[in-house]
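Visitor: Input structure: data_28.txt, which contains compact mmCIF, C-alpha atoms.
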# COMPACT_ATOMS: atom_id res chain seq x y z
CA MET A 1122 -16.28 -82.78 -1.72
CA THR A 1123 -18.00 -85.89 -1.06
CA GLY A 1124 -20.63 -86.30 1.65
CA ARG A 1125 -18.27 -88.19 3.86
CA ASP A 1126 -15.46 -85.63 3.60
CA ARG A 1127 -17.85 -82.89 4.49
CA PHE A 1128 -18.29 -84.18 8.03
CA SER A 1129 -14.69 -85.05 8.65
CA THR A 1130 -12.79 -83.20 11.35
CA ALA A 1131 -10.08 -81.99 9.01
CA THR A 1132 -12.66 -80.51 6.66
CA ARG A 1133 -14.47 -78.79 9.51
CA ILE A 1134 -11.22 -77.38 10.90
CA ARG A 1135 -10.27 -76.14 7.45
CA LEU A 1136 -13.69 -74.43 7.03
CA ILE A 1137 -13.43 -72.85 10.46
CA GLY A 1138 -9.91 -71.59 9.60
CA GLU A 1139 -11.14 -70.10 6.30
CA GLN A 1140 -14.05 -68.38 8.05
CA THR A 1141 -11.76 -67.05 10.75
CA ALA A 1142 -9.28 -65.81 8.15
CA ALA A 1143 -12.12 -64.08 6.28
CA ARG A 1144 -13.28 -62.36 9.50
CA VAL A 1145 -9.73 -61.25 10.33
CA TYR A 1146 -9.23 -59.95 6.78
CA ARG A 1147 -12.53 -57.98 6.96
CA SER A 1148 -11.62 -56.46 10.33
CA GLN A 1149 -8.17 -55.47 9.04
CA THR A 1150 -9.66 -53.72 6.00
CA LYS A 1151 -12.14 -51.88 8.23
CA ARG A 1152 -9.30 -50.83 10.54
CA GLN A 1153 -7.26 -49.64 7.56
CA ALA A 1154 -10.25 -47.67 6.27
CA ARG A 1155 -10.66 -46.01 9.68
CA ARG A 1156 -6.93 -45.32 10.02
CA SER A 1157 -5.68 -41.92 8.96
CA ARG A 1158 -4.65 -41.62 5.36
CA LEU A 1159 -1.54 -39.71 6.44
CA THR A 1160 1.31 -42.02 5.64
CA GLY A 1161 4.98 -41.43 6.28
CA ARG A 1162 5.53 -40.26 2.71
CA ALA A 1163 2.63 -37.84 2.88
CA ALA A 1164 3.91 -36.42 6.18
CA LEU A 1165 7.39 -35.99 4.70
CA LEU A 1166 5.94 -34.30 1.61
CA ALA A 1167 3.87 -31.94 3.78
CA MET A 1168 6.93 -31.09 5.84
CA VAL A 1169 9.00 -30.39 2.70
CA ILE A 1170 6.26 -28.14 1.30
CA CYS A 1171 5.95 -26.21 4.59
CA THR A 1172 9.72 -25.79 4.69
CA LEU A 1173 9.73 -24.44 1.14
CA VAL A 1174 6.92 -22.02 1.92
CA VAL A 1175 8.72 -20.74 5.02
CA ALA A 1176 12.05 -20.53 3.19
CA LEU A 1177 10.58 -18.62 0.24
CA ALA A 1178 8.26 -16.28 2.17
CA TYR A 1179 10.90 -13.71 3.13
CA PRO A 1180 12.58 -13.47 -0.32
CA ILE A 1181 9.20 -13.14 -2.02
CA ARG A 1182 8.19 -10.40 0.43
CA GLN A 1183 11.47 -8.60 -0.27
CA TYR A 1184 10.94 -8.96 -4.01
CA VAL A 1185 7.46 -7.46 -3.82
CA ALA A 1186 8.68 -4.61 -1.61
CA GLN A 1187 11.54 -3.84 -3.98
CA ARG A 1188 9.22 -3.86 -6.98
CA ALA A 1189 6.96 -1.38 -5.20
CA GLU A 1190 9.95 0.80 -4.36
CA ILE A 1191 11.13 0.70 -7.97
CA ALA A 1192 7.67 1.73 -9.17
CA ASP A 1193 7.63 4.60 -6.65
CA LEU A 1194 11.06 5.80 -7.74
CA GLN A 1195 10.03 5.67 -11.39
CA ARG A 1196 6.96 7.75 -10.58
CA GLN A 1197 9.12 10.26 -8.70
CA ARG A 1198 11.55 10.42 -11.62
CA GLN A 1199 8.68 11.10 -14.01
CA GLU A 1200 7.35 13.90 -11.77
CA THR A 1201 10.84 15.39 -11.49
CA GLU A 1202 11.27 15.33 -15.26
CA GLU A 1203 7.93 17.10 -15.66
CA ARG A 1204 8.97 19.71 -13.07
CA VAL A 1205 12.29 20.27 -14.87
CA GLU A 1206 10.41 20.76 -18.13
CA GLN A 1207 8.10 23.30 -16.48
CA LEU A 1208 11.09 25.18 -15.06
CA ARG A 1209 12.76 25.22 -18.50
CA ASP A 1210 9.58 26.68 -19.98
CA LEU A 1211 9.49 29.31 -17.24
CA LYS A 1212 13.15 30.14 -17.81
CA ALA A 1213 12.51 30.53 -21.54
CA ARG A 1214 9.56 32.84 -20.79
CA TRP A 1215 11.69 35.01 -18.51
CA GLN A 1216 14.20 35.38 -21.37
CA ASP A 1217 11.48 37.22 -23.31
CA ASP A 1218 11.61 40.95 -22.49
CA ALA A 1219 7.85 41.42 -22.90
CA TYR A 1220 7.07 38.70 -20.35
CA ALA A 1221 9.67 40.08 -17.90
CA GLU A 1222 8.20 43.58 -18.24
CA GLN A 1223 4.68 42.26 -17.68
CA GLN A 1224 5.74 40.39 -14.53
CA ILE A 1225 7.66 43.40 -13.18
CA ARG A 1226 4.60 45.63 -13.64
CA LEU A 1227 2.32 43.04 -12.07
CA ARG A 1228 4.43 41.96 -9.12
CA LEU A 1229 6.44 45.07 -8.26
CA HIS A 1230 3.89 47.67 -9.42
CA TYR A 1231 6.44 49.45 -11.62
CA VAL A 1232 5.26 51.89 -14.26
CA MET A 1233 6.95 53.24 -17.34
CA PRO A 1234 8.07 56.87 -17.41
CA GLY A 1235 5.12 59.15 -18.10
CA GLU A 1236 2.54 56.66 -16.75
CA THR A 1237 0.67 57.10 -13.49
CA GLY A 1238 0.39 54.04 -11.27
CA TYR A 1239 -2.69 53.38 -9.18
CA ILE A 1240 -3.29 50.74 -6.55
CA VAL A 1241 -6.95 50.18 -5.73
CA ILE A 1242 -7.70 48.85 -2.29
CA ASP A 1243 -11.12 47.49 -1.50
CA PRO A 1244 -12.30 49.66 1.41
CA ASP A 1245 -14.82 47.06 2.54
CA ALA A 1246 -12.10 44.46 2.98
CA ALA A 1247 -9.95 46.86 5.02
CA GLU A 1248 -12.88 47.79 7.28
CA GLN A 1249 -13.83 44.17 7.73
CA SER A 1250 -10.29 43.16 8.75
CA ARG A 1251 -10.17 46.02 11.30
CA THR A 1252 -13.49 45.09 12.86
CA ASP A 1253 -12.64 41.39 12.93
CA LEU A 1254 -9.45 41.93 14.84
CA GLY A 1255 -10.78 44.45 17.31
CA SER A 1256 -7.16 45.48 17.80
CA ALA A 1257 -8.02 48.63 19.74
CA ASP A 1258 -9.67 46.62 22.50
CA ARG A 1259 -6.87 44.08 22.95
CA PRO A 1260 -3.33 44.30 24.25
CA TRP A 1261 -0.50 44.53 21.71
CA TYR A 1262 0.94 41.11 22.47
CA ARG A 1263 -2.39 39.45 21.74
CA THR A 1264 -2.51 41.12 18.33
CA LEU A 1265 1.07 40.06 17.67
CA TRP A 1266 0.35 36.46 18.60
CA ASP A 1267 -2.78 36.36 16.39
CA GLY A 1268 -0.64 37.56 13.48
CA VAL A 1269 1.81 34.73 14.08
CA ASP A 1270 -1.05 32.21 14.21
CA LYS A 1271 -2.52 33.51 10.94
CA ALA A 1272 0.86 33.35 9.22
CA ASP A 1273 1.35 29.78 10.44
CA ALA A 1274 -2.13 28.78 9.29
CA ALA A 1275 -1.52 30.30 5.85
CA ARG A 1276 1.74 28.36 5.55
CA ASP A 1277 0.04 25.03 6.40
CA GLN A 1278 -2.57 25.46 3.71
Output the file's structure in the form of structure tokens.

Guide:
Amino acid sequence: MTGRDRFSTATRIRLIGEQTAARVYRSQTKRQARRSRLTGRAALLAMVICTLVVALAYPIRQYVAQRAEIADLQRQRQETEERVEQLRDLKARWQDDAYAEQQIRLRLHYVMPGETGYIVIDPDAAEQSRTDLGSADRPWYRTLWDGVDKADAARDQ
């Protein structure tokens, strides 16, 4: 630019327009920087992801629950197989005459002909149970009810 053009009205108006355009451009970039970064595409993507999460939550929960149930049933099957094996062993033992004779003597207190059977009772235990109950001092129905309670407690243990 020459010195004369620099002071012309057209040049001044052009400079003022460029300065104004620069200010407007700077204010628009500041406004865009302050504006939320959430665009329409980002909002749509977030909505699609939320929809997928909601849609897949129930099937995934069902899958996990079914896997846990399968594991529990497999554990039960394994325990049942072990119990069946124990019962087979017990059945095989009962087929042996010596084992059956031993159990009959032990459980039913049978003796062979010519033998004398003895049952030893601890006298201290019998005395202790009599003194604990105090059955002579109480009515019969109270003693009966205590017996029912003891039987129930033994079953729960």

Visitor: Which value, in Å to one decimal, gives the distance between CA of Glu1203 in chain A and CA of Ile1225 in chain A?

Guide: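 Between CA of Glu1203 in chain A and CA of Ile1225 in chain A the gap is 26.4 Å.
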
Visitor: If you measure from CA of Glu1236 in chain A to CA of Gln1224 in chain A, what distance in Å do you get, rounded to one decimal?

Guide: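 Atom-to-atom, CA of Glu1236 in chain A to CA of Gln1224 in chain A, that is 16.7 Å.
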
Visitor: Can you list every residue of range 1143-1200 of chain A that has an atom at most 10 Å from range 1204-1211 of chain A, with its nearest atom pair and the distance in Å to one decimal, using all atoms listed in the file, ordered by chain then number, as a tab-separated table?

Guide:
residue	atom	partner	partner_atom	distance
A:Arg1198	CA	A:Arg1204	CA	9.8
A:Gln1199	CA	A:Arg1204	CA	8.7
A:Glu1200	CA	A:Arg1204	CA	6.2

Visitor: Write the residues you've just listed into a file as a PDB file, in the frame of the given file, and include C-alpha atoms for each of them.

Guide:
ATOM      1  CA  ARG A1198      11.550  10.420 -11.620  1.00  0.00           C
ATOM      2  CA  GLN A1199       8.680  11.100 -14.010  1.00  0.00           C
ATOM      3  CA  GLU A1200       7.350  13.900 -11.770  1.00  0.00           C
TER       4      GLU A1200
END

Visitor: Calculate how many Å separate CA of Tyr1231 in chain A from CA of Ala1219 in chain A, rounding to one decimal.

Guide: 13.9 Å

Visitor: Using the file's own x, y and z axes, so that the box edges lie along x, y and z, what centre and edge lengths in Å (one decimal) does a box around every listed atom of range 1196-1214 of chain A get when 4 Å is added on each side? Give it as AutoDock Vina command-line options.

Guide:
--center_x 10.1 --center_y 20.3 --center_z -15.1 --size_x 14.2 --size_y 33.1 --size_z 20.8
